[in-house]
Amino acid sequence: MCWKPLNTIEPIVTIDKMEISTIQLSKETKKKISSFGAKGDSYDNILNKIYSMAVKEQLREFLMSDEGYISLDEFEKEVNKKWPRSK
């Protein structure tokens with residue numbers, strides 16, 4: 001086995017090159033955001049998790065909304081009014 005001196009070891013982790021932005025938060029908001037993460041999570045990772053959860057919740061609310069819809073029983077009554085069955 002061949003050992004390299006410490007000063008020649010290449011980094012194991014590479015960081016994606018992305019644009020970084022700074023946002024200002026109150027300490028209270030920062031504390032609330034950090035409560036969504038685990039030890040070692042970056043705020044970027046935590047905020048992406050929160051965003052994903054919010055998108056899923058909006059989709060769920062949209063799909064499960066009964067706004068503008070009627071029940072099957074109401075639909076059947078309306079159909080029977082418009083097109084009564086002939087005897």
# chains A, B, ... in the order shown; residues from 1 in each chain; ligands from 1

$ select_by_dssp --residues "segment 16-83 of chain A" --states "helix (DSSP H, G or I)" --output "VMD selection string"
chain A and resid 27 to 34 43 to 64 72 to 82

$ write_last_selection --atoms "C-alpha atoms" --output "PDB file, in the first residue's frame"
ATOM      1  CA  LYS A  27     -33.090  35.243  14.623  1.00  0.00           C
ATOM      2  CA  GLU A  28     -36.570  33.918  15.415  1.00  0.00           C
ATOM      3  CA  THR A  29     -37.226  33.030  11.752  1.00  0.00           C
ATOM      4  CA  LYS A  30     -33.786  31.429  11.427  1.00  0.00           C
ATOM      5  CA  LYS A  31     -34.531  29.297  14.501  1.00  0.00           C
ATOM      6  CA  LYS A  32     -37.905  28.235  13.048  1.00  0.00           C
ATOM      7  CA  ILE A  33     -36.308  27.272   9.721  1.00  0.00           C
ATOM      8  CA  SER A  34     -33.546  25.292  11.411  1.00  0.00           C
ATOM      9  CA  TYR A  43     -30.204  26.238   5.266  1.00  0.00           C
ATOM     10  CA  ASP A  44     -30.335  25.765   1.496  1.00  0.00           C
ATOM     11  CA  ASN A  45     -31.207  22.086   1.997  1.00  0.00           C
ATOM     12  CA  ILE A  46     -33.782  22.881   4.707  1.00  0.00           C
ATOM     13  CA  LEU A  47     -35.486  25.563   2.587  1.00  0.00           C
ATOM     14  CA  ASN A  48     -35.620  23.207  -0.404  1.00  0.00           C
ATOM     15  CA  LYS A  49     -37.311  20.566   1.793  1.00  0.00           C
ATOM     16  CA  ILE A  50     -39.842  23.148   3.028  1.00  0.00           C
ATOM     17  CA  TYR A  51     -40.485  24.277  -0.556  1.00  0.00           C
ATOM     18  CA  SER A  52     -41.058  20.674  -1.714  1.00  0.00           C
ATOM     19  CA  MET A  53     -43.510  20.085   1.133  1.00  0.00           C
ATOM     20  CA  ALA A  54     -45.387  23.302   0.280  1.00  0.00           C
ATOM     21  CA  VAL A  55     -45.675  22.342  -3.403  1.00  0.00           C
ATOM     22  CA  LYS A  56     -47.022  18.892  -2.468  1.00  0.00           C
ATOM     23  CA  GLU A  57     -49.521  20.452  -0.056  1.00  0.00           C
ATOM     24  CA  GLN A  58     -50.759  22.906  -2.707  1.00  0.00           C
ATOM     25  CA  LEU A  59     -51.201  20.055  -5.182  1.00  0.00           C
ATOM     26  CA  ARG A  60     -53.043  17.962  -2.575  1.00  0.00           C
ATOM     27  CA  GLU A  61     -55.369  20.867  -1.759  1.00  0.00           C
ATOM     28  CA  PHE A  62     -56.029  21.428  -5.458  1.00  0.00           C
ATOM     29  CA  LEU A  63     -56.765  17.766  -6.168  1.00  0.00           C
ATOM     30  CA  MET A  64     -58.891  17.266  -3.068  1.00  0.00           C
ATOM     31  CA  LEU A  72     -72.696  11.991  -7.070  1.00  0.00           C
ATOM     32  CA  ASP A  73     -76.113  11.988  -5.367  1.00  0.00           C
ATOM     33  CA  GLU A  74     -76.733  15.598  -6.449  1.00  0.00           C
ATOM     34  CA  PHE A  75     -75.539  14.745  -9.944  1.00  0.00           C
ATOM     35  CA  GLU A  76     -77.951  11.816 -10.155  1.00  0.00           C
ATOM     36  CA  LYS A  77     -80.865  14.039  -9.065  1.00  0.00           C
ATOM     37  CA  GLU A  78     -80.008  16.641 -11.713  1.00  0.00           C
ATOM     38  CA  VAL A  79     -79.699  13.971 -14.424  1.00  0.00           C
ATOM     39  CA  ASN A  80     -83.041  12.494 -13.449  1.00  0.00           C
ATOM     40  CA  LYS A  81     -84.676  15.946 -13.617  1.00  0.00           C
ATOM     41  CA  LYS A  82     -83.256  16.719 -17.055  1.00  0.00           C
TER      42      LYS A  82
END

$ atom_distance --atom1 "atom CA of Ser35 of chain A" --atom2 "atom CA of Ile23 of chain A"
18.0 Å

$ atom_distance --atom1 "atom CA of Lys17 of chain A" --atom2 "atom CA of Asp41 of chain A"
18.1 Å

$ decode --residues "segment 18-65 of chain A" --atoms "N, CA and C atoms" --output "PDB file, in the first residue's frame"
ATOM      1  N   MET A  18     -22.591  26.929  -7.744  1.00  0.00           N
ATOM      2  CA  MET A  18     -23.882  27.570  -7.917  1.00  0.00           C
ATOM      3  C   MET A  18     -23.783  28.984  -7.380  1.00  0.00           C
ATOM      4  N   GLU A  19     -24.660  29.813  -7.888  1.00  0.00           N
ATOM      5  CA  GLU A  19     -24.667  31.177  -7.402  1.00  0.00           C
ATOM      6  C   GLU A  19     -25.216  31.195  -5.987  1.00  0.00           C
ATOM      7  N   ILE A  20     -24.597  31.961  -5.134  1.00  0.00           N
ATOM      8  CA  ILE A  20     -25.000  32.063  -3.739  1.00  0.00           C
ATOM      9  C   ILE A  20     -25.624  33.436  -3.517  1.00  0.00           C
ATOM     10  N   SER A  21     -26.687  33.447  -2.720  1.00  0.00           N
ATOM     11  CA  SER A  21     -27.365  34.693  -2.398  1.00  0.00           C
ATOM     12  C   SER A  21     -27.445  34.820  -0.884  1.00  0.00           C
ATOM     13  N   THR A  22     -27.536  36.014  -0.420  1.00  0.00           N
ATOM     14  CA  THR A  22     -27.668  36.261   1.011  1.00  0.00           C
ATOM     15  C   THR A  22     -29.041  36.863   1.271  1.00  0.00           C
ATOM     16  N   ILE A  23     -29.740  36.301   2.259  1.00  0.00           N
ATOM     17  CA  ILE A  23     -31.025  36.869   2.662  1.00  0.00           C
ATOM     18  C   ILE A  23     -30.956  37.217   4.140  1.00  0.00           C
ATOM     19  N   GLN A  24     -31.682  38.228   4.524  1.00  0.00           N
ATOM     20  CA  GLN A  24     -31.698  38.628   5.920  1.00  0.00           C
ATOM     21  C   GLN A  24     -32.931  38.062   6.595  1.00  0.00           C
ATOM     22  N   LEU A  25     -32.721  37.454   7.748  1.00  0.00           N
ATOM     23  CA  LEU A  25     -33.794  36.854   8.537  1.00  0.00           C
ATOM     24  C   LEU A  25     -33.659  37.309   9.978  1.00  0.00           C
ATOM     25  N   SER A  26     -34.782  37.368  10.660  1.00  0.00           N
ATOM     26  CA  SER A  26     -34.693  37.597  12.099  1.00  0.00           C
ATOM     27  C   SER A  26     -34.161  36.322  12.737  1.00  0.00           C
ATOM     28  N   LYS A  27     -33.601  36.426  13.934  1.00  0.00           N
ATOM     29  CA  LYS A  27     -33.090  35.243  14.623  1.00  0.00           C
ATOM     30  C   LYS A  27     -34.229  34.262  14.897  1.00  0.00           C
ATOM     31  N   GLU A  28     -35.415  34.780  15.157  1.00  0.00           N
ATOM     32  CA  GLU A  28     -36.570  33.918  15.415  1.00  0.00           C
ATOM     33  C   GLU A  28     -36.917  33.093  14.171  1.00  0.00           C
ATOM     34  N   THR A  29     -36.928  33.739  12.998  1.00  0.00           N
ATOM     35  CA  THR A  29     -37.226  33.030  11.752  1.00  0.00           C
ATOM     36  C   THR A  29     -36.149  31.999  11.450  1.00  0.00           C
ATOM     37  N   LYS A  30     -34.897  32.360  11.657  1.00  0.00           N
ATOM     38  CA  LYS A  30     -33.786  31.429  11.427  1.00  0.00           C
ATOM     39  C   LYS A  30     -33.938  30.197  12.313  1.00  0.00           C
ATOM     40  N   LYS A  31     -34.328  30.409  13.567  1.00  0.00           N
ATOM     41  CA  LYS A  31     -34.531  29.297  14.501  1.00  0.00           C
ATOM     42  C   LYS A  31     -35.675  28.398  14.031  1.00  0.00           C
ATOM     43  N   LYS A  32     -36.768  29.010  13.548  1.00  0.00           N
ATOM     44  CA  LYS A  32     -37.905  28.235  13.048  1.00  0.00           C
ATOM     45  C   LYS A  32     -37.500  27.396  11.836  1.00  0.00           C
ATOM     46  N   ILE A  33     -36.755  27.992  10.922  1.00  0.00           N
ATOM     47  CA  ILE A  33     -36.308  27.272   9.721  1.00  0.00           C
ATOM     48  C   ILE A  33     -35.401  26.113  10.110  1.00  0.00           C
ATOM     49  N   SER A  34     -34.492  26.352  11.025  1.00  0.00           N
ATOM     50  CA  SER A  34     -33.546  25.292  11.411  1.00  0.00           C
ATOM     51  C   SER A  34     -34.258  24.122  12.087  1.00  0.00           C
ATOM     52  N   SER A  35     -35.445  24.351  12.654  1.00  0.00           N
ATOM     53  CA  SER A  35     -36.169  23.256  13.309  1.00  0.00           C
ATOM     54  C   SER A  35     -36.670  22.216  12.302  1.00  0.00           C
ATOM     55  N   PHE A  36     -36.682  22.549  11.013  1.00  0.00           N
ATOM     56  CA  PHE A  36     -37.098  21.602   9.979  1.00  0.00           C
ATOM     57  C   PHE A  36     -35.951  20.698   9.536  1.00  0.00           C
ATOM     58  N   GLY A  37     -34.745  21.021   9.934  1.00  0.00           N
ATOM     59  CA  GLY A  37     -33.597  20.255   9.457  1.00  0.00           C
ATOM     60  C   GLY A  37     -33.015  19.351  10.529  1.00  0.00           C
ATOM     61  N   ALA A  38     -32.057  18.580  10.104  1.00  0.00           N
ATOM     62  CA  ALA A  38     -31.306  17.716  11.007  1.00  0.00           C
ATOM     63  C   ALA A  38     -29.926  18.333  11.209  1.00  0.00           C
ATOM     64  N   LYS A  39     -29.212  17.821  12.195  1.00  0.00           N
ATOM     65  CA  LYS A  39     -27.870  18.330  12.457  1.00  0.00           C
ATOM     66  C   LYS A  39     -27.024  18.198  11.196  1.00  0.00           C
ATOM     67  N   GLY A  40     -26.390  19.270  10.809  1.00  0.00           N
ATOM     68  CA  GLY A  40     -25.526  19.248   9.635  1.00  0.00           C
ATOM     69  C   GLY A  40     -26.206  19.692   8.347  1.00  0.00           C
ATOM     70  N   ASP A  41     -27.561  19.821   8.356  1.00  0.00           N
ATOM     71  CA  ASP A  41     -28.265  20.296   7.153  1.00  0.00           C
ATOM     72  C   ASP A  41     -27.945  21.766   6.913  1.00  0.00           C
ATOM     73  N   SER A  42     -27.752  22.117   5.667  1.00  0.00           N
ATOM     74  CA  SER A  42     -27.556  23.526   5.325  1.00  0.00           C
ATOM     75  C   SER A  42     -28.930  24.204   5.254  1.00  0.00           C
ATOM     76  N   TYR A  43     -28.937  25.510   5.392  1.00  0.00           N
ATOM     77  CA  TYR A  43     -30.204  26.238   5.266  1.00  0.00           C
ATOM     78  C   TYR A  43     -30.760  26.090   3.854  1.00  0.00           C
ATOM     79  N   ASP A  44     -29.887  25.980   2.871  1.00  0.00           N
ATOM     80  CA  ASP A  44     -30.335  25.765   1.496  1.00  0.00           C
ATOM     81  C   ASP A  44     -31.098  24.445   1.400  1.00  0.00           C
ATOM     82  N   ASN A  45     -30.562  23.398   2.003  1.00  0.00           N
ATOM     83  CA  ASN A  45     -31.207  22.086   1.997  1.00  0.00           C
ATOM     84  C   ASN A  45     -32.550  22.141   2.745  1.00  0.00           C
ATOM     85  N   ILE A  46     -32.555  22.780   3.910  1.00  0.00           N
ATOM     86  CA  ILE A  46     -33.782  22.881   4.707  1.00  0.00           C
ATOM     87  C   ILE A  46     -34.862  23.639   3.934  1.00  0.00           C
ATOM     88  N   LEU A  47     -34.498  24.771   3.330  1.00  0.00           N
ATOM     89  CA  LEU A  47     -35.486  25.563   2.587  1.00  0.00           C
ATOM     90  C   LEU A  47     -36.002  24.812   1.371  1.00  0.00           C
ATOM     91  N   ASN A  48     -35.148  24.026   0.721  1.00  0.00           N
ATOM     92  CA  ASN A  48     -35.620  23.207  -0.404  1.00  0.00           C
ATOM     93  C   ASN A  48     -36.603  22.139   0.060  1.00  0.00           C
ATOM     94  N   LYS A  49     -36.367  21.539   1.235  1.00  0.00           N
ATOM     95  CA  LYS A  49     -37.311  20.566   1.793  1.00  0.00           C
ATOM     96  C   LYS A  49     -38.658  21.230   2.080  1.00  0.00           C
ATOM     97  N   ILE A  50     -38.613  22.416   2.708  1.00  0.00           N
ATOM     98  CA  ILE A  50     -39.842  23.148   3.028  1.00  0.00           C
ATOM     99  C   ILE A  50     -40.591  23.490   1.746  1.00  0.00           C
ATOM    100  N   TYR A  51     -39.871  23.937   0.731  1.00  0.00           N
ATOM    101  CA  TYR A  51     -40.485  24.277  -0.556  1.00  0.00           C
ATOM    102  C   TYR A  51     -41.167  23.052  -1.168  1.00  0.00           C
ATOM    103  N   SER A  52     -40.479  21.907  -1.157  1.00  0.00           N
ATOM    104  CA  SER A  52     -41.058  20.674  -1.714  1.00  0.00           C
ATOM    105  C   SER A  52     -42.335  20.288  -0.972  1.00  0.00           C
ATOM    106  N   MET A  53     -42.316  20.407   0.347  1.00  0.00           N
ATOM    107  CA  MET A  53     -43.510  20.085   1.133  1.00  0.00           C
ATOM    108  C   MET A  53     -44.660  21.032   0.781  1.00  0.00           C
ATOM    109  N   ALA A  54     -44.349  22.312   0.602  1.00  0.00           N
ATOM    110  CA  ALA A  54     -45.387  23.302   0.280  1.00  0.00           C
ATOM    111  C   ALA A  54     -46.000  23.025  -1.089  1.00  0.00           C
ATOM    112  N   VAL A  55     -45.170  22.665  -2.063  1.00  0.00           N
ATOM    113  CA  VAL A  55     -45.675  22.342  -3.403  1.00  0.00           C
ATOM    114  C   VAL A  55     -46.596  21.129  -3.338  1.00  0.00           C
ATOM    115  N   LYS A  56     -46.192  20.097  -2.604  1.00  0.00           N
ATOM    116  CA  LYS A  56     -47.022  18.892  -2.468  1.00  0.00           C
ATOM    117  C   LYS A  56     -48.338  19.217  -1.785  1.00  0.00           C
ATOM    118  N   GLU A  57     -48.294  20.074  -0.773  1.00  0.00           N
ATOM    119  CA  GLU A  57     -49.521  20.452  -0.056  1.00  0.00           C
ATOM    120  C   GLU A  57     -50.464  21.240  -0.966  1.00  0.00           C
ATOM    121  N   GLN A  58     -49.923  22.156  -1.762  1.00  0.00           N
ATOM    122  CA  GLN A  58     -50.759  22.906  -2.707  1.00  0.00           C
ATOM    123  C   GLN A  58     -51.404  21.976  -3.716  1.00  0.00           C
ATOM    124  N   LEU A  59     -50.662  21.016  -4.225  1.00  0.00           N
ATOM    125  CA  LEU A  59     -51.201  20.055  -5.182  1.00  0.00           C
ATOM    126  C   LEU A  59     -52.293  19.212  -4.530  1.00  0.00           C
ATOM    127  N   ARG A  60     -52.049  18.756  -3.296  1.00  0.00           N
ATOM    128  CA  ARG A  60     -53.043  17.962  -2.575  1.00  0.00           C
ATOM    129  C   ARG A  60     -54.325  18.758  -2.379  1.00  0.00           C
ATOM    130  N   GLU A  61     -54.193  20.021  -1.968  1.00  0.00           N
ATOM    131  CA  GLU A  61     -55.369  20.867  -1.759  1.00  0.00           C
ATOM    132  C   GLU A  61     -56.127  21.066  -3.071  1.00  0.00           C
ATOM    133  N   PHE A  62     -55.394  21.248  -4.156  1.00  0.00           N
ATOM    134  CA  PHE A  62     -56.029  21.428  -5.458  1.00  0.00           C
ATOM    135  C   PHE A  62     -56.789  20.171  -5.881  1.00  0.00           C
ATOM    136  N   LEU A  63     -56.151  19.020  -5.740  1.00  0.00           N
ATOM    137  CA  LEU A  63     -56.765  17.766  -6.168  1.00  0.00           C
ATOM    138  C   LEU A  63     -57.924  17.341  -5.275  1.00  0.00           C
ATOM    139  N   MET A  64     -57.862  17.692  -4.004  1.00  0.00           N
ATOM    140  CA  MET A  64     -58.891  17.266  -3.068  1.00  0.00           C
ATOM    141  C   MET A  64     -59.989  18.319  -2.874  1.00  0.00           C
ATOM    142  N   SER A  65     -59.869  19.450  -3.522  1.00  0.00           N
ATOM    143  CA  SER A  65     -60.851  20.517  -3.363  1.00  0.00           C
ATOM    144  C   SER A  65     -62.190  20.107  -3.946  1.00  0.00           C
TER     145      SER A  65
END
